[in-house]
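**Q** Submitted below is the structure of interest, expressed as structure tokens.
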Amino acid sequence: MSLAHAVTSPLQTDPACLLDMQGARDIDSFWQSCRRLIGQVLPYSACSLFFDIDDMQPRRARHHVAHPAAPAFEPATSLTVVGPYLEARPQSRFYTFADVARLDPDAAGRWQAQESERCWDEFAQLAFWREGRLDAVLGVGWDSRRTRVTDADLAFLERLHPLIEAGLSRLHALQSERMRCEGLERALEQMPLAVMMIGLDGQLLFSSDAARRQCMLWNEGLDVRAKALRLPDGIDEMLEVASVVESAESEGGERETRRIAHPLLAQLSATVSLRWDSAGLNRLPCYVVVFDEPHPVRDGTPINQRAMLLQKLSPKERRVSLMVAEGLRNEEIAQRLCRSRRTIEFQVASIYRKLEVPGRGQLIRLLG
């Protein structure tokens with residue numbers, strides 16, 4: 001059966017499948033969209049995605065067999081057949097079994113030993129490399145008794161390479177960002193800082209364990225009729241009656257700090273900073289809430305007070321101030337941040353002014 005009539009253009013497929021593949025947020029949805037996309041054009045016998053590869057051997061894979069030789073049959077999660085070919089030709093992007101066998105006479109024997117009951121006798125694979133290492137391999141297998149693979153079919157697969165590569169790069173970026181955010185949240189949750197971040201719609205974006213406890217005390221201490229003053233969803237109503245402590249310009253735009261006192265419990269109060277994020281399509285505020293009571297103390301300085309002091313600084317100044325607190329000299333800070341010493345000196349002077357400290361020793365005692 002020839003498929004040449006089905007491939008009038010190498011990428012003439014349902015656009016929804018392409019969108020699904022580029023919008024996939026995890027490996028399973030990405031794999032399903034790849035499989036559907038290829039299946040629209042090529043009636044394959046088997047399709048596999050190999051990933052998490054170490055020393056040319058995948059630790060994980062996803063398989064789909066259209067015509068299994070046995071009900072429980074599944075292809076091997078292995079690149080043993082093509083391993084020597086790829087090791088000798090790093091950065092190879094597309095090849096068929098015929099290409100491998102022509103240059104590696106032992107490949108057919110390795111394939112037979114690995115899968116004696118396979119239901120295909122030809123395959124093509126797309127190899128994806130990242131930082132000089134094999135990152136993933138997508139393989140498609142055919143039974144020549146069912147399907148005659150044409151040059152147009154192979155061209156279709158080869159044209160898919162940059163699209164799939166872009167999708168894999170996106171998955172790596174999402175995974176890195178997810179790991180970064182999860183690690184940051186785990187670290188912050190275990191800190192004694194009573195810090196909470198609230199979105200424009202009143203939805204809780206982040207809260208440390210200490211802030212959750214303070215929020216519970218806050219809400220339990222309200223009159224049952226004062227539902228609009230509950231945190232986090234009542235943040236807008238609370239800010240309407242809060243007093244402005246500070247208004248200033250920051251690197252991200254305007255910044256305003258307000259103090260909110262609990263309407264019934266005198267020992268509870270919170271300080272809210274309005275941070276404007278202009279990096280997206282809309283300019284939206286994020287409310288950073290720091291509960292002021294009780295004050296956990298370390299080295300004689302309230303920890304929440306430390307957090308509020310850092311809120312007065314720009315992000316770059318915060319980084320510099322914490323390095324000063326570590327005991328680094330201006331030259332060392334400049335070297336670590338790849339900036340000039342003059343720039344660091346200017347930022348340190350600005351930090352002194354904003355935190356109202358006369359010098360380095362006082363800043364270290366305040367933040368150390």
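In the structure tokens, chains take letters A, B, ... by order of appearance, with residues numbered from 1 within each chain and ligands from 1 in the order shown.
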Could you give me, as a short mmCIF file (atom, residue, chain, number, x, y, z; two decimals) with N, CA, C and O atoms, in the first residue's frame, the residues within 10 Å of segment 342-359 of chain A, counting only C-alpha atoms and dropping anything in the same chain fewer than 6 positions from it?

**A**
data_model
loop_
_atom_site.label_atom_id
_atom_site.label_comp_id
_atom_site.auth_asym_id
_atom_site.auth_seq_id
_atom_site.Cartn_x
_atom_site.Cartn_y
_atom_site.Cartn_z
N LEU A 309 12.54 45.11 55.83
CA LEU A 309 13.67 45.93 55.43
C LEU A 309 14.08 45.61 53.99
O LEU A 309 14.35 46.52 53.20
N LEU A 310 14.12 44.34 53.65
CA LEU A 310 14.50 43.95 52.29
C LEU A 310 13.47 44.41 51.28
O LEU A 310 13.79 44.64 50.10
N LYS A 312 12.20 47.20 51.11
CA LYS A 312 12.50 48.59 50.76
C LYS A 312 13.51 48.69 49.62
O LYS A 312 13.69 49.77 49.05
N LEU A 313 14.17 47.58 49.31
CA LEU A 313 15.23 47.60 48.31
C LEU A 313 14.75 47.06 46.98
O LEU A 313 13.79 46.29 46.92
N SER A 314 15.43 47.45 45.91
CA SER A 314 15.16 46.85 44.60
C SER A 314 15.72 45.43 44.60
O SER A 314 16.55 45.06 45.45
N LYS A 316 17.97 44.01 42.73
CA LYS A 316 19.43 44.00 42.63
C LYS A 316 20.06 44.43 43.95
O LYS A 316 21.09 43.88 44.37
N GLU A 317 19.45 45.43 44.61
CA GLU A 317 19.99 45.88 45.89
C GLU A 317 19.84 44.81 46.95
O GLU A 317 20.70 44.67 47.83
N ARG A 318 18.74 44.04 46.90
CA ARG A 318 18.57 42.95 47.87
C ARG A 318 19.70 41.94 47.73
O ARG A 318 20.26 41.46 48.72
N VAL A 320 22.71 42.40 46.52
CA VAL A 320 23.96 42.98 47.01
C VAL A 320 23.96 43.05 48.53
O VAL A 320 24.97 42.74 49.18
N SER A 321 22.83 43.46 49.13
CA SER A 321 22.78 43.59 50.59
C SER A 321 23.00 42.26 51.29
O SER A 321 23.68 42.20 52.33
N VAL A 324 26.62 41.48 51.20
CA VAL A 324 27.31 42.26 52.23
C VAL A 324 27.12 41.59 53.58
O VAL A 324 28.06 41.49 54.38
N ARG A 329 33.38 41.62 50.43
CA ARG A 329 33.79 42.98 50.14
C ARG A 329 33.22 43.41 48.80
O ARG A 329 32.77 42.59 48.00
N ASN A 330 33.24 44.72 48.53
CA ASN A 330 32.68 45.24 47.28
C ASN A 330 33.36 44.62 46.06
O ASN A 330 32.70 44.32 45.06
N GLU A 331 34.69 44.43 46.14
CA GLU A 331 35.40 43.82 45.01
C GLU A 331 34.91 42.40 44.74
O GLU A 331 34.74 41.98 43.59
N GLU A 332 34.68 41.64 45.81
CA GLU A 332 34.21 40.26 45.66
C GLU A 332 32.79 40.22 45.09
O GLU A 332 32.47 39.36 44.26
N ILE A 333 31.96 41.14 45.56
CA ILE A 333 30.59 41.19 45.04
C ILE A 333 30.59 41.55 43.56
O ILE A 333 29.88 40.95 42.75
N ALA A 334 31.40 42.52 43.19
CA ALA A 334 31.50 42.93 41.79
C ALA A 334 31.95 41.77 40.91
O ALA A 334 31.43 41.56 39.81
N GLN A 335 32.93 41.00 41.40
CA GLN A 335 33.43 39.87 40.63
C GLN A 335 32.37 38.79 40.48
O GLN A 335 32.19 38.23 39.40
N LEU A 366 22.28 44.23 61.03
CA LEU A 366 20.85 44.31 60.77
C LEU A 366 20.34 43.12 59.96
O LEU A 366 19.24 42.61 60.23
#

**Q** So which residues of segment 137-246 of chain A fall under helix (DSSP H, G or I) by DSSP, listed as number ranges by chain?

**A** A: 151-189, 209-220, 227-229, 235-240

**Q** For segment 26-32 of chain A, work out the shell of residues within 9 Å, counting only C-alpha atoms and skipping chain neighbours fewer than 5 positions away, then give it as an mmCIF file with N, CA and C atoms, in the first residue's frame.

**A**
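Output below, filename out27.cif:
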data_model
loop_
_atom_site.group_PDB
_atom_site.id
_atom_site.type_symbol
_atom_site.label_atom_id
_atom_site.label_comp_id
_atom_site.auth_asym_id
_atom_site.auth_seq_id
_atom_site.Cartn_x
_atom_site.Cartn_y
_atom_site.Cartn_z
ATOM 1 N N ASP A 20 -1.467 21.029 19.711
ATOM 2 C CA ASP A 20 -1.404 20.191 20.910
ATOM 3 C C ASP A 20 0.041 19.852 21.259
ATOM 4 N N MET A 21 0.843 19.539 20.237
ATOM 5 C CA MET A 21 2.227 19.157 20.477
ATOM 6 C C MET A 21 3.026 20.337 21.028
ATOM 7 N N LEU A 37 -0.167 12.940 15.432
ATOM 8 C CA LEU A 37 0.298 13.689 14.275
ATOM 9 C C LEU A 37 0.898 12.764 13.227
ATOM 10 N N SER A 48 7.555 4.759 18.942
ATOM 11 C CA SER A 48 8.137 4.832 20.284
ATOM 12 C C SER A 48 8.851 6.165 20.470
ATOM 13 N N LEU A 49 8.825 6.657 21.707
ATOM 14 C CA LEU A 49 9.599 7.825 22.096
ATOM 15 C C LEU A 49 10.506 7.422 23.247
ATOM 16 N N ARG A 62 7.936 5.683 25.784
ATOM 17 C CA ARG A 62 6.503 5.516 25.537
ATOM 18 C C ARG A 62 6.366 4.756 24.229
ATOM 19 N N GLY A 167 9.381 21.330 20.642
ATOM 20 C CA GLY A 167 8.521 20.866 21.724
ATOM 21 C C GLY A 167 9.307 20.289 22.881
ATOM 22 N N LEU A 168 10.351 19.522 22.580
ATOM 23 C CA LEU A 168 11.191 18.962 23.643
ATOM 24 C C LEU A 168 11.932 20.067 24.398
ATOM 25 N N LEU A 171 9.574 21.553 26.799
ATOM 26 C CA LEU A 171 9.375 20.688 27.968
ATOM 27 C C LEU A 171 10.540 20.818 28.941
ATOM 28 N N LEU A 174 10.072 24.099 30.758
ATOM 29 C CA LEU A 174 8.993 23.997 31.735
ATOM 30 C C LEU A 174 9.430 23.183 32.946
ATOM 31 N N GLN A 175 10.166 22.094 32.695
ATOM 32 C CA GLN A 175 10.631 21.263 33.805
ATOM 33 C C GLN A 175 11.592 22.045 34.695
#

**Q** Residues near His64 of chain A, anyone? I mean within 9 Å using only C-alpha atoms, not counting same-chain ones fewer than 3 positions away, as a list in words.

**A** Arg35, Ser45, Ala46, Cys47, Ser48, Glu74 and Pro75 of chain A

**Q** DSSP says strand (DSSP E or B) for which residues of segment 55-163 of chain A? Put them as a VMD selection string?

**A** chain A and resid 57 to 65 94 to 96 122 to 130 133 to 142 148

**Q** Neighbouring residues of segment 111-123 of chain A were defined as those with any atom within 10 Å, considering only C-alpha atoms; residues of the same chain fewer than 4 positions away were excluded. Please report them as number ranges by chain.

**A** A: 44-47, 65-70, 73-76, 78-82, 95-98, 106-107, 139-147, 149

**Q** Could you check how far atom CA of Thr271 of chain A sits from atom CA of Arg259 of chain A, in Å to one decimal?

**A** 4.5 Å

**Q** One number please: atom CA of Leu265 of chain A to atom CA of Phe206 of chain A, in Å, one decimal.

**A** 24.3 Å

**Q** For Ala24 of chain A, which of A:Arg180, A:His172, A:Arg339, A:Arg275 is the closest residue, counting only C-alpha atoms?

**A**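 Looking only at the distances to Ala24 of chain A, the closest residue turns out to be A:His172.
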
**Q** What's the 12 Å shell around Cys215 of chain A, counting only C-alpha atoms, without same-chain residues fewer than 4 positions away, as an MDAnalysis selection string?

**A** chainID A and resid 194:197 204 207:211 219:222 229:235 262 268:270 289:293

**Q** Given only C-alpha atoms as the basis, pick out the residue of A:Arg59, A:Ala136, A:Gly202, A:Ile38 nearest to Leu154 of chain A.

**A**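 Of the candidates, the smallest distance to Leu154 of chain A is held by A:Ile38.
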
**Q** Within 8 Å of Ala325 of chain A, counting only C-alpha atoms, which residues show up once you throw out same-chain ones fewer than 6 positions away? Write them as a PyMOL selection string, please.

**A** chain A and resi 363-365+367-368

**Q** In terms of the shortest atom-to-atom distance over only C-alpha atoms, which of A:Arg93, A:His63, A:Arg25, A:Arg36 is closest to Glu158 of chain A?

**A** A:Arg93
